[in-house]
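Q: Dropping in query_8.cif, which is mmCIF, C-alpha atoms:
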```
data_coords
#
loop_
_atom_site.label_atom_id
_atom_site.label_comp_id
_atom_site.auth_asym_id
_atom_site.auth_seq_id
_atom_site.Cartn_x
_atom_site.Cartn_y
_atom_site.Cartn_z
CA MET A 1 32.77 -12.18 -20.46
CA SER A 2 29.84 -12.68 -22.81
CA ILE A 3 26.87 -12.41 -20.46
CA THR A 4 23.81 -10.97 -22.19
CA SER A 5 20.45 -9.63 -21.02
CA PHE A 6 18.34 -11.95 -18.90
CA TYR A 7 14.93 -13.01 -20.20
CA PRO A 8 13.05 -15.30 -17.79
CA PRO A 9 10.60 -17.95 -19.01
CA GLN A 10 6.89 -17.24 -18.82
CA ARG A 11 5.75 -19.30 -15.84
CA THR A 12 2.37 -19.80 -14.23
CA LEU A 13 3.07 -19.37 -10.53
CA MET A 14 0.82 -21.50 -8.33
CA GLY A 15 3.14 -22.11 -5.43
CA PRO A 16 3.29 -20.41 -2.01
CA GLY A 17 4.61 -17.19 -3.54
CA PRO A 18 5.47 -15.19 -5.42
CA SER A 19 2.20 -15.27 -7.30
CA ASP A 20 1.44 -14.29 -10.88
CA VAL A 21 1.78 -10.51 -11.23
CA TYR A 22 -1.05 -8.46 -12.69
CA PRO A 23 -0.10 -7.29 -16.22
CA ASN A 24 -0.96 -3.68 -15.33
CA VAL A 25 1.42 -3.92 -12.36
CA LEU A 26 4.25 -4.96 -14.69
CA GLN A 27 3.41 -1.98 -16.88
CA ALA A 28 3.46 0.33 -13.88
CA LEU A 29 6.99 -0.80 -12.99
CA SER A 30 8.28 0.54 -16.31
CA ARG A 31 7.07 4.09 -15.77
CA PRO A 32 9.68 6.88 -15.49
CA THR A 33 11.58 6.94 -12.21
CA VAL A 34 11.30 10.13 -10.15
CA GLY A 35 13.03 11.16 -6.96
CA HIS A 36 11.78 9.69 -3.69
CA LEU A 37 11.05 13.23 -2.41
CA ASP A 38 9.52 14.45 -5.68
CA PRO A 39 6.11 16.06 -4.96
CA THR A 40 4.37 13.70 -7.36
CA PHE A 41 5.91 10.67 -5.67
CA VAL A 42 5.00 11.99 -2.22
CA GLN A 43 1.41 12.34 -3.41
CA MET A 44 1.49 8.74 -4.61
CA MET A 45 2.81 7.65 -1.19
CA ASP A 46 -0.24 9.22 0.43
CA GLU A 47 -2.44 7.25 -1.96
CA VAL A 48 -0.55 4.02 -1.17
CA LYS A 49 -1.15 4.68 2.52
CA GLU A 50 -4.88 5.24 1.96
CA LEU A 51 -5.16 2.15 -0.22
CA LEU A 52 -3.32 0.05 2.38
CA GLN A 53 -5.69 1.30 5.06
CA TYR A 54 -8.52 -0.01 2.89
CA ALA A 55 -6.80 -3.36 2.33
CA PHE A 56 -6.10 -3.78 6.05
CA GLN A 57 -9.51 -2.33 7.01
CA THR A 58 -7.94 0.16 9.40
CA LYS A 59 -7.81 3.88 10.07
CA ASN A 60 -4.35 3.64 11.66
CA PRO A 61 -2.36 6.75 10.65
CA CYS A 62 0.79 4.66 11.02
CA THR A 63 0.16 2.49 7.96
CA MET A 64 2.94 2.29 5.40
CA ALA A 65 5.09 0.12 3.17
CA VAL A 66 8.47 -1.09 4.44
CA SER A 67 11.08 -0.96 1.68
CA ALA A 68 11.91 -4.66 1.94
CA PRO A 69 10.14 -8.06 1.75
CA GLY A 70 7.62 -9.47 4.23
CA SER A 71 10.37 -10.84 6.46
CA ALA A 72 11.49 -7.25 7.05
CA GLY A 73 7.91 -6.34 7.90
CA MET A 74 7.98 -9.07 10.52
CA GLU A 75 11.23 -7.78 11.94
CA THR A 76 9.90 -4.21 11.89
CA CYS A 77 7.06 -5.17 14.21
CA PHE A 78 9.22 -7.14 16.62
CA VAL A 79 12.24 -4.86 16.95
CA ASN A 80 10.08 -1.79 17.44
CA LEU A 81 7.74 -3.26 20.05
CA ILE A 82 10.10 -5.48 22.05
CA GLU A 83 12.60 -4.13 24.54
CA PRO A 84 15.18 -6.35 26.27
CA GLY A 85 13.51 -8.44 28.97
CA ASP A 86 9.97 -8.13 27.61
CA LYS A 87 8.04 -11.39 27.79
CA VAL A 88 6.43 -12.36 24.48
CA ILE A 89 4.05 -15.25 23.85
CA VAL A 90 4.42 -16.69 20.33
CA CYS A 91 1.90 -19.16 18.94
CA ILE A 92 3.62 -21.64 16.63
CA ASN A 93 1.83 -23.97 14.21
CA GLY A 94 4.24 -23.84 11.28
CA VAL A 95 7.45 -22.41 9.90
CA PHE A 96 6.56 -18.76 10.15
CA GLY A 97 5.47 -18.92 13.77
CA GLY A 98 8.95 -20.33 14.37
CA ARG A 99 10.45 -17.30 12.65
CA MET A 100 8.45 -15.05 14.94
CA ALA A 101 9.98 -16.86 17.91
CA GLU A 102 13.45 -16.30 16.48
CA ASN A 103 12.73 -12.58 16.23
CA VAL A 104 11.79 -12.46 19.92
CA THR A 105 15.08 -13.95 21.09
CA ARG A 106 17.15 -11.81 18.71
CA SER A 107 15.35 -8.72 20.02
CA GLY A 108 16.29 -9.57 23.59
CA GLY A 109 12.81 -10.67 24.59
CA VAL A 110 11.83 -13.56 26.85
CA LEU A 111 10.13 -16.16 24.68
CA VAL A 112 7.09 -18.20 25.71
CA LYS A 113 6.00 -20.75 23.10
CA VAL A 114 2.44 -21.96 22.55
CA GLU A 115 2.74 -24.82 20.07
CA ASP A 116 0.13 -26.58 17.97
CA GLU A 117 0.35 -29.47 15.53
CA TRP A 118 1.28 -28.62 11.94
CA GLY A 119 -1.89 -28.50 9.87
CA LYS A 120 -3.99 -27.26 12.81
CA PRO A 121 -4.93 -23.67 13.74
CA VAL A 122 -3.68 -21.92 16.85
CA ASP A 123 -5.71 -23.18 19.84
CA PRO A 124 -7.23 -20.22 21.74
CA GLU A 125 -7.49 -22.31 24.91
CA LYS A 126 -3.74 -22.92 24.90
CA LEU A 127 -3.12 -19.21 24.47
CA ALA A 128 -5.53 -18.39 27.30
CA ALA A 129 -3.68 -20.83 29.58
CA ALA A 130 -0.33 -19.29 28.66
CA LEU A 131 -1.61 -15.78 29.37
CA LYS A 132 -2.82 -16.88 32.79
CA ALA A 133 0.50 -18.58 33.50
CA HIS A 134 2.45 -15.49 32.42
CA PRO A 135 0.58 -12.41 33.65
CA ASP A 136 3.68 -10.28 32.99
CA ALA A 137 3.59 -10.97 29.24
CA LYS A 138 3.51 -7.83 27.10
CA ILE A 139 2.94 -9.14 23.57
CA VAL A 140 1.12 -12.01 21.85
CA ALA A 141 2.26 -12.94 18.33
CA PHE A 142 0.80 -15.40 15.84
CA VAL A 143 0.41 -16.12 12.12
CA HIS A 144 -3.04 -15.46 10.71
CA ALA A 145 -2.53 -17.54 7.54
CA GLU A 146 0.34 -20.01 7.95
CA THR A 147 1.94 -20.34 4.51
CA SER A 148 3.84 -23.51 5.38
CA THR A 149 0.66 -25.45 6.15
CA GLY A 150 -2.29 -23.65 4.54
CA VAL A 151 -4.03 -23.08 7.87
CA LEU A 152 -6.15 -20.08 8.88
CA SER A 153 -6.27 -19.22 12.60
CA ASP A 154 -8.98 -17.24 14.40
CA ALA A 155 -7.26 -13.85 14.61
CA LYS A 156 -10.29 -12.11 16.12
CA THR A 157 -10.43 -14.47 19.11
CA LEU A 158 -6.67 -14.54 19.63
CA CYS A 159 -6.40 -10.72 19.59
CA ALA A 160 -9.31 -10.45 22.02
CA LEU A 161 -7.48 -12.76 24.44
CA ALA A 162 -4.32 -10.67 24.16
CA ARG A 163 -6.25 -7.48 24.83
CA GLU A 164 -8.06 -8.97 27.85
CA HIS A 165 -4.68 -9.66 29.43
CA GLY A 166 -3.17 -6.27 28.64
CA CYS A 167 -0.97 -7.49 25.80
CA LEU A 168 -0.33 -5.97 22.41
CA SER A 169 -0.78 -8.28 19.41
CA ILE A 170 1.54 -8.84 16.45
CA VAL A 171 -0.08 -10.60 13.49
CA ASP A 172 1.51 -12.10 10.38
CA ALA A 173 -0.86 -11.38 7.48
CA VAL A 174 1.62 -12.08 4.68
CA THR A 175 -0.62 -14.62 2.98
CA SER A 176 -4.00 -13.41 4.25
CA LEU A 177 -4.04 -9.77 3.07
CA GLY A 178 -6.38 -9.52 0.09
CA GLY A 179 -7.22 -13.23 0.12
CA VAL A 180 -9.42 -13.80 3.18
CA PRO A 181 -11.29 -11.49 5.58
CA LEU A 182 -8.91 -9.37 7.66
CA TYR A 183 -10.24 -6.56 9.87
CA VAL A 184 -7.37 -4.86 11.66
CA ASP A 185 -9.46 -2.31 13.56
CA ASP A 186 -12.50 -4.46 14.34
CA TRP A 187 -10.31 -7.31 15.60
CA GLY A 188 -8.06 -5.00 17.62
CA ILE A 189 -4.78 -5.94 15.93
CA ASP A 190 -1.94 -3.75 17.22
CA ALA A 191 0.80 -4.54 14.71
CA VAL A 192 0.32 -6.33 11.40
CA TYR A 193 2.62 -7.00 8.47
CA SER A 194 2.19 -8.51 5.03
CA GLY A 195 3.93 -8.91 1.68
CA THR A 196 3.25 -7.69 -1.84
CA GLN A 197 3.98 -10.97 -3.64
CA LYS A 198 1.02 -13.03 -2.39
CA CYS A 199 -2.65 -12.08 -2.79
CA LEU A 200 -1.81 -8.52 -3.87
CA SER A 201 -0.09 -9.97 -6.98
CA CYS A 202 2.65 -7.38 -7.00
CA VAL A 203 6.37 -8.10 -7.34
CA PRO A 204 8.27 -9.16 -4.19
CA GLY A 205 10.21 -6.61 -2.20
CA ILE A 206 7.73 -4.51 -0.22
CA SER A 207 6.08 -5.20 3.15
CA PRO A 208 2.88 -3.34 4.10
CA VAL A 209 2.63 -2.74 7.86
CA SER A 210 0.20 -1.02 10.21
CA PHE A 211 0.48 -0.03 13.88
CA SER A 212 -2.36 0.85 16.24
CA ALA A 213 -2.30 3.94 18.45
CA ALA A 214 -1.32 1.73 21.41
CA ALA A 215 1.57 0.24 19.45
CA VAL A 216 2.79 3.67 18.35
CA GLU A 217 2.65 4.83 21.96
CA ARG A 218 4.77 1.83 22.99
CA ILE A 219 7.31 2.66 20.29
CA LYS A 220 7.51 6.33 21.26
CA ASN A 221 8.02 5.50 24.94
CA ARG A 222 10.85 3.00 24.50
CA THR A 223 13.64 3.27 27.05
CA VAL A 224 16.32 1.92 24.70
CA PRO A 225 16.77 2.61 20.97
CA VAL A 226 15.43 0.18 18.39
CA GLN A 227 18.28 -2.21 17.57
CA SER A 228 17.78 -1.73 13.81
CA TRP A 229 18.40 1.74 12.42
CA PHE A 230 16.76 1.00 9.06
CA LEU A 231 13.58 -0.45 10.58
CA ASP A 232 13.25 2.05 13.44
CA GLN A 233 9.72 3.41 13.03
CA THR A 234 10.47 6.54 15.04
CA LEU A 235 12.65 7.51 12.06
CA VAL A 236 10.58 6.07 9.21
CA MET A 237 7.22 7.42 10.40
CA SER A 238 8.24 10.99 9.63
CA TYR A 239 8.90 9.96 6.01
CA TRP A 240 5.46 8.36 5.61
CA SER A 241 3.46 10.55 7.98
CA GLY A 242 2.38 13.19 5.47
CA GLU A 243 2.50 15.79 8.24
CA GLY A 244 4.55 18.80 7.21
CA LYS A 245 7.84 18.34 5.42
CA ARG A 246 8.90 14.76 4.67
CA SER A 247 12.20 13.92 6.31
CA TYR A 248 14.69 11.91 4.28
CA HIS A 249 15.24 8.44 5.68
CA HIS A 250 16.26 6.22 2.78
CA THR A 251 15.90 6.08 -0.99
CA ALA A 252 12.57 4.37 -1.42
CA PRO A 253 12.18 1.70 -4.16
CA VAL A 254 10.32 4.12 -6.39
CA ASN A 255 9.27 1.86 -9.25
CA THR A 256 8.37 -1.02 -6.96
CA LEU A 257 6.04 1.32 -5.11
CA TYR A 258 4.47 2.21 -8.46
CA GLY A 259 3.70 -1.49 -8.75
CA LEU A 260 2.23 -1.69 -5.24
CA HIS A 261 0.08 1.36 -5.94
CA GLU A 262 -1.25 -0.27 -9.11
CA SER A 263 -1.99 -3.60 -7.39
CA LEU A 264 -3.87 -1.80 -4.62
CA VAL A 265 -5.86 0.17 -7.22
CA GLN A 266 -6.73 -3.22 -8.74
CA LEU A 267 -7.93 -4.41 -5.31
CA GLN A 268 -9.96 -1.25 -4.79
CA THR A 269 -11.55 -1.56 -8.23
CA GLU A 270 -12.50 -5.19 -7.69
CA GLY A 271 -13.67 -4.57 -4.15
CA LEU A 272 -12.17 -6.23 -1.09
CA GLU A 273 -15.15 -8.50 -0.41
CA ASN A 274 -15.27 -9.51 -4.08
CA ALA A 275 -11.57 -10.44 -3.95
CA TRP A 276 -12.18 -12.61 -0.90
CA GLU A 277 -15.10 -14.30 -2.66
CA ARG A 278 -13.07 -14.87 -5.84
CA HIS A 279 -10.37 -16.69 -3.88
CA ALA A 280 -13.01 -18.82 -2.15
CA GLN A 281 -14.73 -19.77 -5.42
CA GLN A 282 -11.51 -20.70 -7.22
CA HIS A 283 -10.52 -22.82 -4.24
CA LEU A 284 -13.79 -24.74 -4.52
CA ALA A 285 -13.16 -25.35 -8.23
CA LEU A 286 -9.63 -26.58 -7.52
CA ARG A 287 -10.84 -28.77 -4.66
CA ALA A 288 -13.44 -30.45 -6.86
CA GLY A 289 -10.85 -31.25 -9.51
CA LEU A 290 -8.24 -32.51 -7.06
CA GLU A 291 -10.75 -34.78 -5.36
CA LYS A 292 -11.57 -36.34 -8.75
CA LEU A 293 -7.87 -37.10 -9.10
CA GLY A 294 -7.88 -38.75 -5.67
CA ILE A 295 -5.72 -36.03 -4.13
CA GLU A 296 -6.62 -35.30 -0.50
CA PHE A 297 -6.32 -32.12 1.52
CA ILE A 298 -4.33 -32.07 4.75
CA VAL A 299 -6.13 -29.21 6.47
CA ASP A 300 -9.70 -29.47 7.79
CA GLU A 301 -12.15 -27.52 5.68
CA ALA A 302 -13.15 -25.26 8.59
CA CYS A 303 -9.65 -23.74 8.85
CA ARG A 304 -8.40 -24.27 5.29
CA LEU A 305 -6.87 -21.37 3.37
CA PRO A 306 -8.51 -20.94 -0.04
CA GLN A 307 -5.42 -19.22 -1.42
CA LEU A 308 -2.89 -21.82 -0.22
CA ASN A 309 -3.97 -25.44 -0.66
CA THR A 310 -1.87 -28.07 1.10
CA VAL A 311 -2.51 -31.55 -0.29
CA VAL A 312 -1.14 -35.04 0.32
CA ILE A 313 1.27 -36.37 -2.29
CA PRO A 314 -0.22 -39.68 -3.51
CA ASP A 315 1.56 -42.89 -2.48
CA GLY A 316 4.39 -43.92 -4.76
CA VAL A 317 4.67 -40.50 -6.40
CA ASP A 318 8.07 -38.82 -6.60
CA ASP A 319 7.54 -35.30 -5.25
CA ALA A 320 10.48 -33.59 -6.94
CA ALA A 321 10.00 -35.43 -10.24
CA VAL A 322 6.38 -34.31 -10.54
CA ARG A 323 7.13 -30.70 -9.70
CA ASN A 324 10.03 -30.69 -12.14
CA GLN A 325 7.87 -32.12 -14.94
CA LEU A 326 5.15 -29.54 -14.24
CA LEU A 327 7.77 -26.82 -14.55
CA GLN A 328 9.49 -28.16 -17.65
CA THR A 329 6.43 -29.34 -19.59
CA TYR A 330 3.74 -26.89 -18.53
CA ASN A 331 5.76 -23.94 -17.17
CA LEU A 332 3.72 -24.43 -14.01
CA GLU A 333 5.15 -23.99 -10.52
CA ILE A 334 3.60 -25.52 -7.41
CA GLY A 335 5.26 -25.59 -4.00
CA ALA A 336 6.96 -28.32 -2.04
CA GLY A 337 6.15 -29.07 1.58
CA LEU A 338 8.20 -27.44 4.34
CA GLY A 339 9.36 -28.78 7.68
CA ALA A 340 7.15 -31.61 8.88
CA PHE A 341 5.44 -31.68 5.47
CA ALA A 342 8.62 -31.90 3.38
CA GLY A 343 8.26 -34.72 0.83
CA LYS A 344 4.72 -35.41 2.01
CA ALA A 345 2.73 -32.46 0.67
CA TRP A 346 2.35 -30.04 -2.19
CA ARG A 347 1.30 -26.42 -1.66
CA ILE A 348 -0.85 -25.09 -4.49
CA GLY A 349 -1.33 -21.33 -4.47
CA LEU A 350 -4.38 -19.46 -5.72
CA MET A 351 -3.23 -15.99 -4.80
CA GLY A 352 -4.25 -12.72 -6.39
CA TYR A 353 -4.07 -12.84 -10.19
CA ALA A 354 -3.46 -16.61 -9.98
CA ALA A 355 -6.94 -17.15 -8.51
CA ARG A 356 -8.71 -17.44 -11.85
CA PRO A 357 -10.36 -20.25 -13.85
CA ALA A 358 -7.56 -20.52 -16.45
CA ASN A 359 -4.98 -21.28 -13.77
CA VAL A 360 -7.20 -23.82 -12.03
CA ALA A 361 -7.86 -25.60 -15.33
CA LEU A 362 -4.16 -25.65 -16.24
CA CYS A 363 -3.14 -27.00 -12.85
CA LEU A 364 -5.71 -29.80 -12.88
CA ARG A 365 -4.92 -30.85 -16.45
CA ALA A 366 -1.17 -30.76 -15.86
CA LEU A 367 -1.42 -32.79 -12.66
CA GLU A 368 -3.72 -35.36 -14.26
CA GLU A 369 -1.45 -35.86 -17.28
CA THR A 370 1.73 -35.92 -15.20
CA LEU A 371 0.40 -38.39 -12.63
CA ASN A 372 -0.91 -40.65 -15.37
#
```
Can I see the file as structure tokens?
A:
Amino acid sequence: MSITSFYPPQRTLMGPGPSDVYPNVLQALSRPTVGHLDPTFVQMMDEVKELLQYAFQTKNPCTMAVSAPGSAGMETCFVNLIEPGDKVIVCINGVFGGRMAENVTRSGGVLVKVEDEWGKPVDPEKLAAALKAHPDAKIVAFVHAETSTGVLSDAKTLCALAREHGCLSIVDAVTSLGGVPLYVDDWGIDAVYSGTQKCLSCVPGISPVSFSAAAVERIKNRTVPVQSWFLDQTLVMSYWSGEGKRSYHHTAPVNTLYGLHESLVQLQTEGLENAWERHAQQHLALRAGLEKLGIEFIVDEACRLPQLNTVVIPDGVDDAAVRNQLLQTYNLEIGAGLGAFAGKAWRIGLMGYAARPANVALCLRALEETLN
């Protein structure tokens, strides 16, 4: 064999994720590895927890980083809160709502679907009707920012409906955390999960999660064990709790957590509201340029994600050919459509470090030259 070291090309990532990584995060990854129970690392874990509480806008003590990607954060919430036979209402308006539904059935829950058209937000009236029709439901789950469509749903209203009917809420904030307003405590979110590779501009592989006091109580009072040993929060909480001696659970991804810590420091330094505003402003700049090129948005402006722009592929344009030319000529990645939007839409990401004028200018110039 003559395989040598791998050196990836320098891409500009403007797809649905991962996003461009902050340079200081890449530097943080190269720092010396220490043990996952080393006192200095444990101190850093406490700082990660505090920084995540800021990012989520929560005081939940049970706020931590799952040592796996956002999909594992999703599964963490479902397998810990659902017991066999529990009725769960899942709002589906894209791919990731569908994945939530799959988690319910695999966890032994009874699934109730509330479906909306792709490209539209979750309809609160449909959820209200489902809650009335299923008074024995225990959980409501939905995606705050649907990555497959670029749609933002009204999490505050949906969580209020769940609470009014005695349900806990599970919210997918993989694409929303750090990119648009998200208030876990004020909105009454019971379980929320995200990913590091979107608006936090860290490397993939970690999933921030947070559980309310009511959710923790539900977990502690389970009648059957959590089906996943690795994701069982009754075991993991004692590693992240910071109360007394840390109990060994697994070997944490030490250097990746260095990167998450650095990206959260970046968010703290910029200021959460400033980060939200930056994403909004760069979206407006991108929108103005795309409209000049005759490229239309799919999602209504009122519920459009600034960090994930879903646009119509112009008539007669070869989707794959354009994306391939962008990659080969400009080292620029944009995303293809998923599901109902496959072959019909592009997804242009402005997440984290990618939400800056240089990226917007490159994307617009590359698209104009390629389409011409």
Q: What is the distance between CA of His283 (chain A) and CA of Asn331 (chain A), in Å to one decimal?
A: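 Distance between the two atoms: 20.8 Å.
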Q: Tell me which residues the PyMOL selection byres ((chain A and resi 163-172) around 8) grabs here, as a PyMOL selection string.
A: chain A and resi 74+77-78+131+135+137-145+155+159-162+173-174+188-194+214-215
Q: Using only C-alpha atoms, list the residues that have an atom at most 12 Å from (9.8, -19.3, 16.3), coordinates as in the file, as a PyMOL selection string.
A: chain A and resi 74+88-106+111-115+141-143
Q: Considering all atoms listed in the file, give me a table of residues in region 242-296 of chain A that are at most 10 Å from region 353-359 of chain A, with the closest atom pair and distance in Å for each, as a Markdown table.
A:
```
| residue | atom | partner | partner_atom | distance |
| --- | --- | --- | --- | --- |
| A:Ser263 | CA | A:Tyr353 | CA | 9.9 |
| A:Ala275 | CA | A:Ala355 | CA | 9.3 |
| A:Arg278 | CA | A:Ala355 | CA | 7.1 |
| A:His279 | CA | A:Ala355 | CA | 5.8 |
| A:Ala280 | CA | A:Ala355 | CA | 8.9 |
| A:Gln281 | CA | A:Ala355 | CA | 8.8 |
| A:Gln282 | CA | A:Ala355 | CA | 5.9 |
| A:His283 | CA | A:Ala355 | CA | 7.9 |
| A:Ala285 | CA | A:Pro357 | CA | 8.1 |
| A:Leu286 | CA | A:Pro357 | CA | 9.0 |
```
Q: Of the residues A:Gly294, A:Phe56, A:Lys120, A:Glu262, which is the one nearest to Leu182 (chain A), using all atoms listed in the file?
A: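 Of A:Gly294, A:Phe56, A:Lys120, A:Glu262, the one nearest Leu182 (chain A) is A:Phe56, counting all atoms listed in the file.
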Q: Let me make sure I understand: among A:Thr149, A:Ser228, A:Asn60, A:Leu127, which one has the smallest atom-to-atom distance to Ala336 (chain A) if we use only C-alpha atoms?
A: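 The answer is A:Thr149, which sits nearest to Ala336 (chain A).
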Q: Run through the PyMOL selection byres ((chain A and resi 307) around 10) on the given coordinates and return the selected residues as an MDAnalysis selection string.
A: chainID A and resid 14:16 145 147 150 175:176 178:180 198:199 276 278:280 282:283 304:306 308:310 347:352 354:355
Q: Quick one: apply the PyMOL selection byres ((chain A and resi 205-209) around 9) to the file and drop the selected residues here as a short mmCIF file (atom, residue, chain, number, x, y, z; two decimals) with C-alpha atoms, keeping the file's coordinate frame.
A:
```
data_model
loop_
_atom_site.label_atom_id
_atom_site.label_comp_id
_atom_site.auth_asym_id
_atom_site.auth_seq_id
_atom_site.Cartn_x
_atom_site.Cartn_y
_atom_site.Cartn_z
CA LEU A 52 -3.32 0.05 2.38
CA PHE A 56 -6.10 -3.78 6.05
CA CYS A 62 0.79 4.66 11.02
CA THR A 63 0.16 2.49 7.96
CA MET A 64 2.94 2.29 5.40
CA ALA A 65 5.09 0.12 3.17
CA VAL A 66 8.47 -1.09 4.44
CA SER A 67 11.08 -0.96 1.68
CA ALA A 68 11.91 -4.66 1.94
CA PRO A 69 10.14 -8.06 1.75
CA GLY A 70 7.62 -9.47 4.23
CA SER A 71 10.37 -10.84 6.46
CA ALA A 72 11.49 -7.25 7.05
CA GLY A 73 7.91 -6.34 7.90
CA MET A 74 7.98 -9.07 10.52
CA THR A 76 9.90 -4.21 11.89
CA CYS A 77 7.06 -5.17 14.21
CA VAL A 174 1.62 -12.08 4.68
CA ALA A 191 0.80 -4.54 14.71
CA VAL A 192 0.32 -6.33 11.40
CA TYR A 193 2.62 -7.00 8.47
CA SER A 194 2.19 -8.51 5.03
CA GLY A 195 3.93 -8.91 1.68
CA THR A 196 3.25 -7.69 -1.84
CA GLN A 197 3.98 -10.97 -3.64
CA CYS A 202 2.65 -7.38 -7.00
CA VAL A 203 6.37 -8.10 -7.34
CA PRO A 204 8.27 -9.16 -4.19
CA SER A 210 0.20 -1.02 10.21
CA PHE A 211 0.48 -0.03 13.88
CA PRO A 253 12.18 1.70 -4.16
CA THR A 256 8.37 -1.02 -6.96
CA LEU A 257 6.04 1.32 -5.11
CA LEU A 260 2.23 -1.69 -5.24
#
```
Q: In Å, how far is it from CA of Gln27 (chain A) to CA of Tyr258 (chain A)?
A: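 Rounded to one decimal, the two atoms are 9.5 Å apart.
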Q: Might you pull out every residue within 12 Å of Gln43 (chain A), with all atoms listed in the file counted and same-chain residues fewer than 4 positions away left off, and present them as a count of residues only?
A: 14
Q: I need the residue nearest Asp318 (chain A) from this list: A:Phe297, A:Leu364, A:Ala133, A:Thr370. Use all atoms listed in the file for the distance.
A: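 Selected residue with least distance to Asp318 (chain A): A:Thr370.
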Q: Missing atoms in region 320-336 of chain A should be modelled up to N, CA and C atoms and reported as a PDB file, keeping the file's coordinate frame.
A:
```pdb
ATOM      1  N   ALA A 320       9.638 -34.474  -6.138  1.00  0.00           N
ATOM      2  CA  ALA A 320      10.480 -33.590  -6.940  1.00  0.00           C
ATOM      3  C   ALA A 320      10.309 -33.841  -8.438  1.00  0.00           C
ATOM      4  N   ALA A 321      10.145 -35.107  -8.821  1.00  0.00           N
ATOM      5  CA  ALA A 321      10.000 -35.430 -10.240  1.00  0.00           C
ATOM      6  C   ALA A 321       8.728 -34.822 -10.823  1.00  0.00           C
ATOM      7  N   VAL A 322       7.643 -34.883 -10.071  1.00  0.00           N
ATOM      8  CA  VAL A 322       6.380 -34.310 -10.540  1.00  0.00           C
ATOM      9  C   VAL A 322       6.491 -32.798 -10.662  1.00  0.00           C
ATOM     10  N   ARG A 323       7.018 -32.163  -9.644  1.00  0.00           N
ATOM     11  CA  ARG A 323       7.130 -30.700  -9.700  1.00  0.00           C
ATOM     12  C   ARG A 323       8.064 -30.254 -10.823  1.00  0.00           C
ATOM     13  N   ASN A 324       9.118 -31.029 -11.055  1.00  0.00           N
ATOM     14  CA  ASN A 324      10.030 -30.690 -12.140  1.00  0.00           C
ATOM     15  C   ASN A 324       9.354 -30.849 -13.503  1.00  0.00           C
ATOM     16  N   GLN A 325       8.553 -31.916 -13.662  1.00  0.00           N
ATOM     17  CA  GLN A 325       7.870 -32.120 -14.940  1.00  0.00           C
ATOM     18  C   GLN A 325       6.818 -31.038 -15.176  1.00  0.00           C
ATOM     19  N   LEU A 326       6.121 -30.627 -14.114  1.00  0.00           N
ATOM     20  CA  LEU A 326       5.150 -29.540 -14.240  1.00  0.00           C
ATOM     21  C   LEU A 326       5.836 -28.269 -14.726  1.00  0.00           C
ATOM     22  N   LEU A 327       7.027 -28.037 -14.185  1.00  0.00           N
ATOM     23  CA  LEU A 327       7.770 -26.820 -14.550  1.00  0.00           C
ATOM     24  C   LEU A 327       8.290 -26.894 -15.978  1.00  0.00           C
ATOM     25  N   GLN A 328       8.855 -28.035 -16.344  1.00  0.00           N
ATOM     26  CA  GLN A 328       9.490 -28.160 -17.650  1.00  0.00           C
ATOM     27  C   GLN A 328       8.486 -28.329 -18.794  1.00  0.00           C
ATOM     28  N   THR A 329       7.395 -29.047 -18.536  1.00  0.00           N
ATOM     29  CA  THR A 329       6.430 -29.340 -19.590  1.00  0.00           C
ATOM     30  C   THR A 329       5.325 -28.292 -19.697  1.00  0.00           C
ATOM     31  N   TYR A 330       4.897 -27.798 -18.547  1.00  0.00           N
ATOM     32  CA  TYR A 330       3.740 -26.890 -18.530  1.00  0.00           C
ATOM     33  C   TYR A 330       4.095 -25.478 -18.066  1.00  0.00           C
ATOM     34  N   ASN A 331       5.359 -25.230 -17.739  1.00  0.00           N
ATOM     35  CA  ASN A 331       5.760 -23.940 -17.170  1.00  0.00           C
ATOM     36  C   ASN A 331       4.909 -23.583 -15.954  1.00  0.00           C
ATOM     37  N   LEU A 332       4.590 -24.587 -15.172  1.00  0.00           N
ATOM     38  CA  LEU A 332       3.720 -24.430 -14.010  1.00  0.00           C
ATOM     39  C   LEU A 332       4.509 -24.720 -12.735  1.00  0.00           C
ATOM     40  N   GLU A 333       4.465 -23.793 -11.796  1.00  0.00           N
ATOM     41  CA  GLU A 333       5.150 -23.990 -10.520  1.00  0.00           C
ATOM     42  C   GLU A 333       4.132 -24.219  -9.406  1.00  0.00           C
ATOM     43  N   ILE A 334       4.310 -25.336  -8.681  1.00  0.00           N
ATOM     44  CA  ILE A 334       3.600 -25.520  -7.410  1.00  0.00           C
ATOM     45  C   ILE A 334       4.671 -25.709  -6.347  1.00  0.00           C
ATOM     46  N   GLY A 335       4.275 -25.589  -5.078  1.00  0.00           N
ATOM     47  CA  GLY A 335       5.260 -25.590  -4.000  1.00  0.00           C
ATOM     48  C   GLY A 335       5.443 -26.929  -3.338  1.00  0.00           C
ATOM     49  N   ALA A 336       6.659 -27.141  -2.829  1.00  0.00           N
ATOM     50  CA  ALA A 336       6.960 -28.320  -2.040  1.00  0.00           C
ATOM     51  C   ALA A 336       6.525 -28.101  -0.597  1.00  0.00           C
TER      52      ALA A 336
END
```
